[in-house]
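Have a look at the structure below before the remarks.
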Amino acid sequence: MSEDIDVELEQEVAVFYQSFGINQGPGDIQYRLILKVLENKDPGITEFSDIRKYTDQFADRGSIGSKMKTVFQLEGLVKKVKRGGYVITNKGLMAASFLKNTTTFYKKTKKMGEIIERMP
Amino acid sequence: MMESGLLLNITICFAITLSSFAFAWVLARSEPEHGEKSKPALWALVIFWTLVGFTYLPTTIRMIAAYTQNYGLDLLMYNLAAIPFAFVSVPLVYFIIYVIVGDKKVSGYVSFVFMIFGAAYLTFLYSNGVNSTVTEWASLFSVNSDIAINIYLMGLFIVPTAMILGLLLIILLQRVPKRLRYRTTLPLVAISFVFDFMLTDMITNIDIMQVFARLFVLIGTVQAFLAYFPPLTLQEKLGIQEYQYDFYEEDDETESDNHIGDDSDV
């Protein structure tokens with residue numbers, strides 16, 4: 001695993017995007033965590049249990065499974081290579097890079113908002 | 001009259017004194033409108049403008065003394081004005097560090113360093129004395145201590161000015177609403193205006209330059225005032241006016257249904 005996932009930060013960012021009316025993708029904590037785990041495991045195989053380690057506090061097994069199927073597999077972000085085993089695709093990596101940008105945008109906006117809040 | 005220039009000088013100094021005190025007072029009075037987080041920065045600004053006022057109050061008296069050829073009072077008031085002037089960067093540094101970092105302790109420590117700079121400047125200034133000349137336009141003092149001038153340039157002015165420019169750049173590079181940008185950048189521009197022309201005022205050896213520097217300090221003060229309380233015409237010109245819109249409670253769907261009805265009638 002290349003880097004640890006800051007679940008709390010991801011949650012914060014997701015809530016931030018939800019407040020914009022974006023409930024899918026960047027505004028969805030499950031989507032964020034799944035994509036992060038997949039990216040970290042690249043180029044290896046991501047086990048379903050790797051994902052559940054992070055998502056168990058937010059969602060049950062079933063909803064993660066269906067998200068994998070209806071979003072990630074359907075859109076070609078991952079390739080299922082075995083039972084409960086996925087590999088992220090190039091498109092998936094692109095999505096992961098976009099997700100990183102959303103985190104950066106959140107951090108920048110938050111920082112700027114705080115600076116302006118402190119300006120009398 | 002030979003010294004009519006001095007009269008202009010007196011007027012400008014007095015105007016700076018009045019407007020900076022008035023601005024500090026108005027800012028202090030607007031305290032309840034500010035959020036808990038911006039209050040430390042607000043008080044730093046109030047102290048800053050008060051110090052500007054306290055620098056130019058003795059300076060006004062000094063110019064009157066020069067005009068009436070009372071040189072003893074002139075020197076006394078110069079020494080008095082040097083005290084608030086030496087510490088003018090302290091609240092400013094506190095303000096900038098607080099706005100950027102958001103930590104009262106850190107900004108307190110950093111501004112304490114500038115307090116030491118200010119004290120050092122005063123020590124060297126008082127121990128080495130000054131030379132005075134009175135001209136048609138101004139009463140000038142040249143500081144004998146080179147160390148004092150260096151401290152004052154490096155510590156008291158260049159660093160805080162760089163900090164202001166840094167903060168200005170941070171805000172300008174962001175995509176923030178126009179109104180917010182006006183509210184945040186104009187006070188900073190005004191402060192750096194006042195701050196830097198105060199430096200020019202104190203350090204110059206040319207009488208006319210002193211008058212102009214003071215004129216720009218006055219302009220800066222007015223600018224700061226406009227930043228916080230922009231008149232309506234200026235707001236309209238800049239497109240930053242704030243309209244008071246009320247909430248509209250009714251659902252849009254019922255309304256759009258009516259429109260469809262209207263269309264079918266036509």
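Residues in the structure tokens are numbered from 1 in each chain, the chains being A, B, ... in the order shown, and ligands are numbered from 1 in the order shown.
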Exercise. Considering only C-alpha atoms, extract the chain A residues located within 9 Å of chain B and return them as a ChimeraX atom specification.
Key: /A:109,112,114-120
Quiz item: Near Leu9 (chain A), within 10 Å and counting only C-alpha atoms, which residues show up once chain neighbours fewer than 6 positions away are dropped, as a PyMOL selection string?
Solution: chain A and resi 15+103+107
Practice problem: Go through B:Gly72, B:Ala224, B:Asn144, B:Tyr78 one by one, measure the shortest atom-to-atom distance of each to Pro58 (chain B) using only C-alpha atoms, and give the residue with the smallest value. | Solution: B:Tyr78
Self-check item: Residues near Ile116 (chain B), cut-off 10 Å, only C-alpha atoms, skip fewer than 6 positions along chain, as a PyMOL selection string
Solution: chain B and resi 86-87+90+122+155
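Across the model, the gap from CA of Phe16 (chain A) to CA of Phe72 (chain A) is 22.5 Å.
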Quiz prompt | Shell around Val37 (chain A) at 8 Å using only C-alpha atoms, local window under 2 positions removed, as a VMD selection string | solution = chain A and resid 5 33 to 35 39 to 41 46 50 to 51
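Shortest atom-to-atom contact with Asn79 (chain B) among B:Phe247, B:Trp49, B:Tyr126, B:Phe117: B:Tyr126, counting only C-alpha atoms.
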Tell me which protein, DNA and RNA residues are within 9 Å of Glu47 (chain A), counting only C-alpha atoms, leaving out same-chain ones fewer than 3 positions away, and put them as a PDB file with N, CA and C atoms, in the first residue's frame.
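That gives us around_0.pdb:
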ATOM      1  N   ASP A  50     -10.206  -5.732   1.196  1.00  0.00           N
ATOM      2  CA  ASP A  50      -9.391  -4.508   1.338  1.00  0.00           C
ATOM      3  C   ASP A  50     -10.285  -3.277   1.356  1.00  0.00           C
ATOM      4  N   ILE A  51     -11.273  -3.306   0.476  1.00  0.00           N
ATOM      5  CA  ILE A  51     -12.195  -2.174   0.392  1.00  0.00           C
ATOM      6  C   ILE A  51     -13.046  -2.104   1.643  1.00  0.00           C
ATOM      7  N   ARG A  52     -13.510  -3.282   2.067  1.00  0.00           N
ATOM      8  CA  ARG A  52     -14.438  -3.298   3.212  1.00  0.00           C
ATOM      9  C   ARG A  52     -13.778  -2.838   4.505  1.00  0.00           C
ATOM     10  N   ARG A  83     -12.845 -13.880  -8.352  1.00  0.00           N
ATOM     11  CA  ARG A  83     -13.946 -13.712  -7.406  1.00  0.00           C
ATOM     12  C   ARG A  83     -13.488 -12.780  -6.279  1.00  0.00           C
ATOM     13  N   GLY A  84     -14.163 -11.613  -6.182  1.00  0.00           N
ATOM     14  CA  GLY A  84     -13.809 -10.640  -5.140  1.00  0.00           C
ATOM     15  C   GLY A  84     -12.476  -9.966  -5.386  1.00  0.00           C
ATOM     16  N   GLY A  85     -11.975 -10.010  -6.618  1.00  0.00           N
ATOM     17  CA  GLY A  85     -10.692  -9.373  -6.905  1.00  0.00           C
ATOM     18  C   GLY A  85     -10.786  -8.440  -8.101  1.00  0.00           C
ATOM     19  N   TYR A  86     -10.306  -7.192  -7.924  1.00  0.00           N
ATOM     20  CA  TYR A  86     -10.434  -6.198  -8.983  1.00  0.00           C
ATOM     21  C   TYR A  86      -9.085  -5.556  -9.285  1.00  0.00           C
TER      22      TYR A  86
END
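By only C-alpha atoms, and with residues fewer than 4 positions from Val46 (chain B) along its chain excluded, the set lying at most 10 Å from it is Ser20, Phe21, Phe23, Ala24, Trp25, Val26, Leu27, Ala28, Arg29, Pro40, Ala41, Leu42, Thr50, Leu51, Val52, Pro91 and Leu92 of chain B.
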Given the selection you just returned, output its residues as a file containing C-alpha atoms, formatted as an mmCIF file, in the first residue's frame.
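Writing done, so here's result_17.cif:
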data_model
loop_
_atom_site.group_PDB
_atom_site.id
_atom_site.type_symbol
_atom_site.label_atom_id
_atom_site.label_comp_id
_atom_site.auth_asym_id
_atom_site.auth_seq_id
_atom_site.Cartn_x
_atom_site.Cartn_y
_atom_site.Cartn_z
ATOM 1 C CA SER B 20 -7.085 57.942 11.274
ATOM 2 C CA PHE B 21 -8.569 58.428 14.734
ATOM 3 C CA PHE B 23 -11.404 55.437 11.235
ATOM 4 C CA ALA B 24 -10.064 53.600 14.289
ATOM 5 C CA TRP B 25 -13.134 54.647 16.220
ATOM 6 C CA VAL B 26 -15.577 53.585 13.512
ATOM 7 C CA LEU B 27 -13.787 50.240 13.190
ATOM 8 C CA ALA B 28 -13.905 49.681 16.935
ATOM 9 C CA ARG B 29 -17.590 50.531 16.987
ATOM 10 C CA PRO B 40 -8.345 39.734 16.944
ATOM 11 C CA ALA B 41 -7.472 41.045 13.466
ATOM 12 C CA LEU B 42 -10.009 43.849 13.863
ATOM 13 C CA THR B 50 -4.722 54.631 16.526
ATOM 14 C CA LEU B 51 -0.921 54.501 16.380
ATOM 15 C CA VAL B 52 -0.999 56.298 13.037
ATOM 16 C CA PRO B 91 -0.165 45.517 15.259
ATOM 17 C CA LEU B 92 0.295 45.306 11.506
#
Quiz item: In Å, how far is it from CA of Leu18 (chain B) to CA of Thr55 (chain B)?
Solution: 11.5 Å
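Rounded to one decimal, CA of Asp251 (chain B) and CA of Ile22 (chain A) lie 22.5 Å from each other.
Restricting the calculation to only C-alpha atoms, the smallest distance between Asp60 (chain A) and any of A:Thr104, A:Gln30, A:Val13, A:Lys80 is found for A:Gln30.
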Quiz item: Which residue gives the smallest distance to Lys178 (chain B) among B:Gly239, B:Gly53, B:Pro160, B:Pro32, with only C-alpha atoms counted?
Solution: B:Gly239
